[in-house]
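What follows is one structure encoded as structure tokens, with my remarks underneath.
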Amino acid sequence: MKDKFLKILLNPKYIFGVYLIIAVATALSKYFRGSYAINNYLIFKNVFLNTYHQSNLFSEYPDRFFDMNHYGVFFSILIAPFALMPDWLGITLWNAANTFIFIYAIHKLPFSDAKKALFALFCLQEYITAALSLQFNIALTGLLLLSAIYIYERKETKSVTAILVGVFVKIYGIVGLSQFFFIKNKTKFIVSGLIIAGVFFVLPMLYSSPQFVIQCYSDWYQSIIEKNSANQTLGNMQDISLMGFFRRILGDASISNIIFLAFGLPLFALPYIRIQQYKNYAFQLMILASTLLFLVLFSSSSESPTYIIAVTGVLIWFFLQKERTPFIIGLLVFVIIFTCFSTSDLFPKFVKKNYIIKYSLKAVPCIVIWLRVIYELLTKDFEKNYSLK
């Protein structure tokens, strides 16, 4: 019985199946709770509808949804097939499509089937958090994984496509360029990227107008600036990041992102001096782990559903380890308890409200892991000390 259970647990097909079931179940559960529960999806849906009707994408429409859209006009193409369906079906297939991209990316990682299954299992709580919010972050995580995997496979066009989808939807995809130095055929990557970027820029014009699309990019820039300022507020549900942690501990929301980036960016870039390690796939994947963590920890827009990105980075780091010492395992447990389950019922509401949310404590384990990742990138021999099996 025990062997049969382990066989199921360590088979990625089963856990991937669980993901798709959860994608459908969470979407329908949100739909039947009413429009308030599916607000994120309504925002997404209206990106297409507003593009089609050439209405400002970044204005408030309180008769249709609350809050505001912060996704680019290109997103209207991705959401269009779902927006044209009845909401119950569109939501379900939207969640399933995001989930498929994510689990396909895990499937493509160079780990054993047992590691892939455990990888997905350890991500499950953060995945549920993002799926309940009907978030694009699930697909974005998969796209960032695929962009790095395709670079190693020398599929430059696929890699740059994955990056550009992320860029044109949510800007965040730009961090996929952290793998640029590992590209063998840089000319193909750049030329393909320019062509695809041009296509992505023009496509929404086919059902709106060139003037509207150009204006959208200007409006989008202003929207991002305003959102960043609004996020830097003590005690809200945004800025769950390294920056938010220090701002809230110090009680000063006015501390600029630039101060943190002046420390974070050089530290993030420092491992690139180890050119002799570039040839090792493990080194490339560890850079990817650092990138996924950095993206979340140094963004004032980070919220609880965003941590599917950071935790994926944590798990890449963990499964690359050849020797999982008690210290390494302890760090993973630290992340699972205080990041993955920090907003769950594992912690009393009083603790969540007055400590975890108030001080952005969800970010702390990932801060520790990111610093550990940087240390390993700077000191370890990736040919000898890491395993892809």
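Chain lettering (A, B, ...) mirrors the order of the structure tokens, residue numbering begins at 1 for each chain separately, and ligand numbering begins at 1 in order of display.
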
* With a distance cut-off of 10 Å and only C-alpha atoms, select the neighbouring residues of A:Asp381, excluding the residue or stretch itself and same-chain residues fewer than 4 positions from it, and output the selection as a ChimeraX atom specification. => /A:276-277,280,282-283,376-377,385-386

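Residues in contact range of A:Ala148, defined as at most 10 Å between only C-alpha atoms, with sequence neighbours fewer than 5 positions away removed, read A:Leu109, A:Leu143, A:Glu153, A:Arg154, A:Lys155, A:Glu156, A:Ser159, A:Val160, A:Ala162, A:Ile163, A:Gly176, A:Leu177, A:Ser178, A:Gln179, A:Phe180, A:Phe182, A:Ile183, A:Tyr281, A:Gln284, A:Leu285, A:Ile287, A:Leu288.
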
All residues 10 Å or closer to A:Met205, only C-alpha atoms, same chain fewer than 5 positions away omitted, as a PDB file with N, CA and C atoms, in the first residue's frame:
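So out03.pdb came out as:
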```
ATOM      1  N   THR A  51     -10.609  47.328 -25.756  1.00  0.00           N
ATOM      2  CA  THR A  51      -9.764  47.486 -26.942  1.00  0.00           C
ATOM      3  C   THR A  51     -10.625  47.488 -28.203  1.00  0.00           C
ATOM      4  N   TYR A  52     -11.557  46.568 -28.261  1.00  0.00           N
ATOM      5  CA  TYR A  52     -12.449  46.466 -29.426  1.00  0.00           C
ATOM      6  C   TYR A  52     -13.266  47.744 -29.604  1.00  0.00           C
ATOM      7  N   VAL A  73      -2.104  46.416 -23.864  1.00  0.00           N
ATOM      8  CA  VAL A  73      -3.138  46.199 -24.873  1.00  0.00           C
ATOM      9  C   VAL A  73      -2.961  44.861 -25.585  1.00  0.00           C
ATOM     10  N   PHE A  74      -1.734  44.357 -25.684  1.00  0.00           N
ATOM     11  CA  PHE A  74      -1.509  43.051 -26.314  1.00  0.00           C
ATOM     12  C   PHE A  74      -2.252  41.945 -25.579  1.00  0.00           C
ATOM     13  N   PHE A 200       3.607  41.698 -32.361  1.00  0.00           N
ATOM     14  CA  PHE A 200       2.817  41.887 -31.139  1.00  0.00           C
ATOM     15  C   PHE A 200       2.297  43.323 -31.041  1.00  0.00           C
ATOM     16  N   PRO A 210      -4.550  51.986 -35.125  1.00  0.00           N
ATOM     17  CA  PRO A 210      -3.165  52.326 -34.770  1.00  0.00           C
ATOM     18  C   PRO A 210      -3.082  53.442 -33.723  1.00  0.00           C
ATOM     19  N   GLN A 211      -3.917  54.468 -33.871  1.00  0.00           N
ATOM     20  CA  GLN A 211      -3.892  55.579 -32.927  1.00  0.00           C
ATOM     21  C   GLN A 211      -4.232  55.116 -31.508  1.00  0.00           C
ATOM     22  N   PHE A 212      -5.232  54.247 -31.413  1.00  0.00           N
ATOM     23  CA  PHE A 212      -5.653  53.755 -30.093  1.00  0.00           C
ATOM     24  C   PHE A 212      -4.538  52.942 -29.442  1.00  0.00           C
ATOM     25  N   VAL A 213      -3.909  52.055 -30.191  1.00  0.00           N
ATOM     26  CA  VAL A 213      -2.861  51.196 -29.635  1.00  0.00           C
ATOM     27  C   VAL A 213      -1.671  52.028 -29.173  1.00  0.00           C
ATOM     28  N   ILE A 214      -1.262  52.996 -29.974  1.00  0.00           N
ATOM     29  CA  ILE A 214      -0.139  53.863 -29.589  1.00  0.00           C
ATOM     30  C   ILE A 214      -0.471  54.625 -28.305  1.00  0.00           C
TER      31      ILE A 214
END
```

* Residues at most 9 Å from A:Lys227, counting only C-alpha atoms, excluding those fewer than 3 positions away in the same chain, as a list of chain:residue names? ->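 Non-adjacent residues within range: A:His70, A:Gln222, A:Ser223, A:Ile224, A:Ala230, A:Asn231, A:Gln232, A:Ser300, A:Ser301.
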
Export N, CA and C atoms of the chosen residues as a short mmCIF file (atom, residue, chain, number, x, y, z; two decimals), in the first residue's frame?
```
data_model
loop_
_atom_site.label_atom_id
_atom_site.label_comp_id
_atom_site.auth_asym_id
_atom_site.auth_seq_id
_atom_site.Cartn_x
_atom_site.Cartn_y
_atom_site.Cartn_z
N HIS A 70 -4.04 46.91 -15.29
CA HIS A 70 -2.64 47.34 -15.43
C HIS A 70 -1.90 46.48 -16.47
N GLN A 222 1.90 55.52 -17.77
CA GLN A 222 1.40 56.38 -16.69
C GLN A 222 0.72 55.54 -15.62
N SER A 223 -0.01 54.51 -16.04
CA SER A 223 -0.70 53.62 -15.11
C SER A 223 0.28 52.90 -14.19
N ILE A 224 1.39 52.44 -14.74
CA ILE A 224 2.39 51.73 -13.95
C ILE A 224 3.05 52.66 -12.93
N ALA A 230 1.05 54.07 -5.48
CA ALA A 230 -0.05 53.62 -4.62
C ALA A 230 0.33 52.38 -3.81
N ASN A 231 1.20 51.53 -4.37
CA ASN A 231 1.60 50.30 -3.69
C ASN A 231 2.43 50.57 -2.44
N GLN A 232 3.18 51.66 -2.44
CA GLN A 232 4.08 51.96 -1.33
C GLN A 232 3.31 52.57 -0.17
N SER A 300 7.34 46.54 -5.92
CA SER A 300 6.34 47.03 -4.98
C SER A 300 4.95 46.51 -5.33
N SER A 301 4.81 45.88 -6.51
CA SER A 301 3.52 45.31 -6.91
C SER A 301 3.32 43.89 -6.40
#
```

* To do: Find the residues near stretch 136-138 of chain A: any atom within 6 Å, counting only C-alpha atoms, skip ones fewer than 2 places away on the same chain, and give them as a PyMOL selection string.
  => chain A and resi 98+140-141

* Can you list, as number ranges by chain, every residue of stretch 5-163 of chain A that DSSP puts in helix (DSSP H, G or I)? -> A: 5-9, 12-31, 39-52, 75-83, 87-108, 113-132, 137-152, 156-163

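Interatomic distance, atom CA of A:Lys186 against atom CA of A:Ile149: 15.4 Å.
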
A:Ala197: which residues within 10 Å, counting only C-alpha atoms, same-chain residues fewer than 3 positions away excluded, as a compact mmCIF listing (two decimals) with N, CA and C atoms, in the first residue's frame?
```
# COMPACT_ATOMS: atom_id res chain seq x y z
N VAL A 160 12.57 33.80 -27.10
CA VAL A 160 12.27 35.23 -27.14
C VAL A 160 10.76 35.47 -27.24
N THR A 161 10.04 34.53 -27.83
CA THR A 161 8.57 34.65 -27.86
C THR A 161 8.00 34.58 -26.45
N LEU A 164 8.73 37.84 -24.69
CA LEU A 164 7.96 38.98 -25.19
C LEU A 164 6.49 38.90 -24.80
N VAL A 165 5.93 37.71 -24.71
CA VAL A 165 4.55 37.60 -24.22
C VAL A 165 4.47 38.20 -22.82
N VAL A 167 6.52 40.40 -21.49
CA VAL A 167 6.80 41.84 -21.56
C VAL A 167 5.57 42.61 -22.00
N PHE A 168 4.91 42.14 -23.07
CA PHE A 168 3.78 42.87 -23.63
C PHE A 168 2.53 42.77 -22.77
N VAL A 191 17.17 39.19 -33.79
CA VAL A 191 16.38 39.42 -35.01
C VAL A 191 14.96 38.87 -34.83
N SER A 192 14.86 37.65 -34.30
CA SER A 192 13.54 37.06 -34.05
C SER A 192 12.74 37.93 -33.09
N GLY A 193 13.43 38.43 -32.07
CA GLY A 193 12.76 39.26 -31.08
C GLY A 193 12.21 40.54 -31.67
N LEU A 194 12.98 41.18 -32.53
CA LEU A 194 12.52 42.42 -33.15
C LEU A 194 11.30 42.18 -34.05
N PHE A 200 3.61 41.70 -32.36
CA PHE A 200 2.82 41.89 -31.14
C PHE A 200 2.30 43.32 -31.04
N PHE A 201 3.11 44.28 -31.47
CA PHE A 201 2.70 45.68 -31.41
C PHE A 201 1.54 45.97 -32.37
N VAL A 202 1.59 45.36 -33.54
CA VAL A 202 0.61 45.66 -34.59
C VAL A 202 -0.70 44.89 -34.41
```

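The closest residue to A:Leu378, picked from A:Ile273, A:Ile22, A:Val364, A:Leu292 and counting only C-alpha atoms, is A:Ile273.
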
* Asked: Which residue out of A:Ala253, A:Met68, A:Ile196, A:Cys366 has the minimum interatomic distance to A:Glu226 when only C-alpha atoms are used?
  ->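 Checking each of A:Ala253, A:Met68, A:Ile196, A:Cys366 against A:Glu226, counting only C-alpha atoms, the winner is A:Met68.
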
* How many Å lie between atom CA of A:Ile336 and atom CA of A:Val314, rounded to one decimal? ->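 Value for the atom CA of A:Ile336-atom CA of A:Val314 distance: 9.9 Å.
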
* To do: May I ask for the distance between atom CA of A:Ile240 and atom CA of A:Ala310, given in Å to one decimal place?
  => 11.5 Å

* Looking at only C-alpha atoms, which of A:Ser290, A:Asn69, A:Gln125, A:Asn46 is the one that sits closest to A:Tyr19? ->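 Going through A:Ser290, A:Asn69, A:Gln125, A:Asn46 one by one, the smallest distance to A:Tyr19 is for A:Gln125.
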